[in-house]
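Below is model39.pdb, holding PDB, C-alpha atoms.
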ATOM      1  CA  VAL A  25     209.665 190.324 164.836
ATOM      2  CA  GLN A  26     207.833 191.790 161.843
ATOM      3  CA  LEU A  27     208.754 193.148 158.448
ATOM      4  CA  VAL A  28     205.738 194.541 156.609
ATOM      5  CA  GLU A  29     206.085 195.624 152.990
ATOM      6  CA  SER A  30     203.707 198.042 151.315
ATOM      7  CA  GLY A  31     203.460 200.213 148.226
ATOM      8  CA  GLY A  32     203.150 197.587 145.512
ATOM      9  CA  GLY A  33     200.545 197.698 142.794
ATOM     10  CA  LEU A  34     199.885 197.943 139.083
ATOM     11  CA  VAL A  35     201.865 200.536 137.152
ATOM     12  CA  GLN A  36     202.417 201.236 133.465
ATOM     13  CA  PRO A  37     205.860 200.824 131.897
ATOM     14  CA  GLY A  38     207.931 203.913 132.573
ATOM     15  CA  GLY A  39     206.073 204.615 135.787
ATOM     16  CA  SER A  40     207.274 204.774 139.388
ATOM     17  CA  LEU A  41     206.484 203.149 142.702
ATOM     18  CA  ARG A  42     207.903 203.536 146.188
ATOM     19  CA  LEU A  43     207.992 200.447 148.348
ATOM     20  CA  SER A  44     208.232 200.662 152.126
ATOM     21  CA  CYS A  45     209.163 198.025 154.685
ATOM     22  CA  ALA A  46     208.269 198.745 158.302
ATOM     23  CA  ALA A  47     210.267 196.791 160.864
ATOM     24  CA  SER A  48     209.448 195.995 164.470
ATOM     25  CA  GLY A  49     210.563 193.642 167.199
ATOM     26  CA  PHE A  50     214.314 193.983 166.688
ATOM     27  CA  THR A  51     216.969 196.680 166.693
ATOM     28  CA  PHE A  52     216.512 197.835 163.115
ATOM     29  CA  SER A  53     219.458 200.235 163.137
ATOM     30  CA  ARG A  54     221.934 197.389 163.720
ATOM     31  CA  TYR A  55     220.999 195.488 160.574
ATOM     32  CA  ASP A  56     221.936 195.822 156.949
ATOM     33  CA  MET A  57     218.703 195.640 154.940
ATOM     34  CA  ARG A  58     217.950 194.092 151.590
ATOM     35  CA  TRP A  59     215.225 194.088 148.984
ATOM     36  CA  TYR A  60     214.725 190.866 147.038
ATOM     37  CA  ARG A  61     212.248 190.040 144.320
ATOM     38  CA  GLN A  62     210.826 186.874 142.855
ATOM     39  CA  ALA A  63     209.191 186.834 139.449
ATOM     40  CA  PRO A  64     206.818 184.037 138.421
ATOM     41  CA  GLY A  65     208.772 180.878 137.629
ATOM     42  CA  LYS A  66     212.099 182.423 138.612
ATOM     43  CA  GLU A  67     214.451 182.263 141.553
ATOM     44  CA  ARG A  68     214.421 184.971 144.195
ATOM     45  CA  GLU A  69     217.091 187.571 143.444
ATOM     46  CA  LEU A  70     218.743 190.287 145.489
ATOM     47  CA  VAL A  71     217.776 193.691 144.095
ATOM     48  CA  ALA A  72     219.448 196.147 146.470
ATOM     49  CA  ASP A  73     221.014 196.366 149.890
ATOM     50  CA  ILE A  74     221.929 199.131 152.299
ATOM     51  CA  THR A  75     224.245 199.148 155.294
ATOM     52  CA  SER A  76     222.954 199.640 158.820
ATOM     53  CA  ALA A  77     223.881 203.339 158.889
ATOM     54  CA  GLY A  78     222.662 203.882 155.350
ATOM     55  CA  VAL A  79     226.090 204.843 154.082
ATOM     56  CA  GLY A  80     226.676 202.036 151.572
ATOM     57  CA  THR A  81     224.332 200.687 148.913
ATOM     58  CA  HIS A  82     224.549 198.056 146.192
ATOM     59  CA  TYR A  83     222.255 197.172 143.302
ATOM     60  CA  VAL A  84     221.815 194.358 140.850
ATOM     61  CA  ASP A  85     222.916 195.539 137.401
ATOM     62  CA  SER A  86     219.416 195.370 135.946
ATOM     63  CA  VAL A  87     218.110 198.131 138.267
ATOM     64  CA  LYS A  88     221.137 200.419 138.513
ATOM     65  CA  GLY A  89     220.206 203.987 137.722
ATOM     66  CA  ARG A  90     216.485 203.264 138.122
ATOM     67  CA  PHE A  91     216.035 202.052 141.719
ATOM     68  CA  THR A  92     217.182 203.712 144.937
ATOM     69  CA  ILE A  93     217.280 202.050 148.343
ATOM     70  CA  SER A  94     217.164 204.215 151.451
ATOM     71  CA  ARG A  95     216.306 203.909 155.119
ATOM     72  CA  ASP A  96     215.080 205.964 158.047
ATOM     73  CA  ASN A  97     216.375 204.424 161.263
ATOM     74  CA  ALA A  98     214.223 206.775 163.347
ATOM     75  CA  LYS A  99     211.140 205.270 161.667
ATOM     76  CA  ASN A 100     212.471 201.687 161.460
ATOM     77  CA  THR A 101     211.698 201.720 157.756
ATOM     78  CA  VAL A 102     213.546 200.866 154.566
ATOM     79  CA  TYR A 103     212.403 202.106 151.173
ATOM     80  CA  LEU A 104     212.849 201.181 147.537
ATOM     81  CA  GLN A 105     212.149 203.956 145.052
ATOM     82  CA  MET A 106     211.574 202.401 141.647
ATOM     83  CA  ASN A 107     211.570 204.606 138.543
ATOM     84  CA  SER A 108     211.394 203.856 134.823
ATOM     85  CA  LEU A 109     209.727 200.562 135.577
ATOM     86  CA  LYS A 110     209.800 197.803 132.979
ATOM     87  CA  PRO A 111     207.581 194.749 132.519
ATOM     88  CA  GLU A 112     210.522 192.590 133.601
ATOM     89  CA  ASP A 113     210.415 194.280 137.011
ATOM     90  CA  THR A 114     207.130 192.485 137.677
ATOM     91  CA  ALA A 115     207.627 190.385 140.811
ATOM     92  CA  VAL A 116     206.834 190.009 144.462
ATOM     93  CA  TYR A 117     209.239 192.239 146.381
ATOM     94  CA  TYR A 118     210.469 191.202 149.827
ATOM     95  CA  CYS A 119     212.503 192.990 152.426
ATOM     96  CA  ASN A 120     215.062 191.119 154.485
ATOM     97  CA  ALA A 121     217.154 191.736 157.566
ATOM     98  CA  ARG A 122     220.011 189.314 158.185
ATOM     99  CA  GLY A 123     222.742 189.326 160.793
ATOM    100  CA  TYR A 124     223.805 188.250 164.271
ATOM    101  CA  GLY A 125     222.590 184.739 163.472
ATOM    102  CA  MET A 126     219.102 185.912 162.524
ATOM    103  CA  ASP A 127     217.322 186.079 159.174
ATOM    104  CA  TYR A 128     214.008 187.974 158.969
ATOM    105  CA  TRP A 129     211.670 188.204 155.970
ATOM    106  CA  GLY A 130     208.488 190.037 155.171
ATOM    107  CA  LYS A 131     205.568 188.489 153.299
ATOM    108  CA  GLY A 132     206.156 190.574 150.199
ATOM    109  CA  THR A 133     204.300 193.089 148.077
ATOM    110  CA  LEU A 134     203.353 192.491 144.457
ATOM    111  CA  VAL A 135     204.551 194.869 141.750
ATOM    112  CA  THR A 136     203.004 194.464 138.313
ATOM    113  CA  VAL A 137     204.312 196.518 135.402
ATOM    114  CA  SER A 138     201.928 196.310 132.481
ATOM    115  CA  SER A 139     200.062 198.481 130.021
TER     116      SER A 139
END
Please go through the file and, once you have read it, give me the structure as structure tokens.
Amino acid sequence: VQLVESGGGLVQPGGSLRLSCAASGFTFSRYDMRWYRQAPGKERELVADITSAGVGTHYVDSVKGRFTISRDNAKNTVYLQMNSLKPEDTAVYYCNARGYGMDYWGKGTLVTVSS
């Protein structure tokens, strides 16, 4: 089982990034998917989640209207489009698949928002 995040980097405030998480080794289309983030010195927090079919999504209040989670089950990939980035969005972003007694995590990708 693998979840591999990509797309992080350094971006100026107000900029955009698109994170991707490529999944393998399990039936991706059966799992709800989540993006978490962990900022330095803070607890890991759930940022967004999407149902297995991609019909339902939820966001933490701090990213509503700025971030969009989506998935492509044919490509076994979940995305996080991040717009209007703020310095407080700086964190390591992780994707997660949980269900059927399993809990899978990627190693994360670092997003730094700074001028």
Q: Name the residues in contact with Leu134 (chain A) at a cut-off of 12 Å, using all atoms listed in the file, excluding same-chain residues fewer than 3 positions from it; report them as JSON, numbers by chain.
A: {"A": [29, 30, 31, 32, 33, 34, 35, 41, 43, 60, 61, 62, 63, 64, 113, 114, 115, 116, 117, 118, 131, 137]}
Q.
For this structure, which residues satisfy the selection - the PyMOL selection byres ((chain A and resi 79) around 12) - when it is evaluated on the file as given? I want them as a PyMOL selection string.
A. chain A and resi 56-57+73-78+80-82+93-96
Q) Could you write out as an NGL selection string the residues that the PyMOL selection byres ((chain A and resi 48-51) around 8) matches in the shown file? A) :A and (25-27 or 46-47 or 52-55 or 100)
Q. Which residue, A:Ser139, A:Thr133, A:Thr92, A:Asn120, has the smallest gap to Gln105 (chain A) when you use all atoms listed in the file?
A. A:Thr92
Q. Mind pulling up the distance from CA of Val28 (chain A) to CA of Ser44 (chain A)?
A. 8.0 Å
Q: Have a look at CA of Pro37 (chain A) and CA of Ala72 (chain A) and let me know their distance in Å, one decimal.
A: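 It comes out at 20.5 Å.
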Q. For the atom pair CA of Val71 (chain A) and CA of Thr101 (chain A), what is the interatomic distance in Å to one decimal place?
A. 17.0 Å
Q. Between A:Val84, A:Val135, A:Met126, A:Cys45, which is the closest to Leu109 (chain A) once you count only C-alpha atoms?
A.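 Of all the options, A:Val135 lies closest to Leu109 (chain A).
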Q: Check the smallest atom-to-atom distance from each of A:Phe91, A:Gly125, A:Lys99, A:Leu70 to Arg58 (chain A) using only C-alpha atoms, then report the winner.
A: A:Leu70
Q. Restricting the calculation to only C-alpha atoms, which member of A:Ala98, A:Trp59, A:Asp85, A:Glu112 is positioned closest to Gly38 (chain A)?
A.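 Looking only at the distances to Gly38 (chain A), the closest residue turns out to be A:Glu112.
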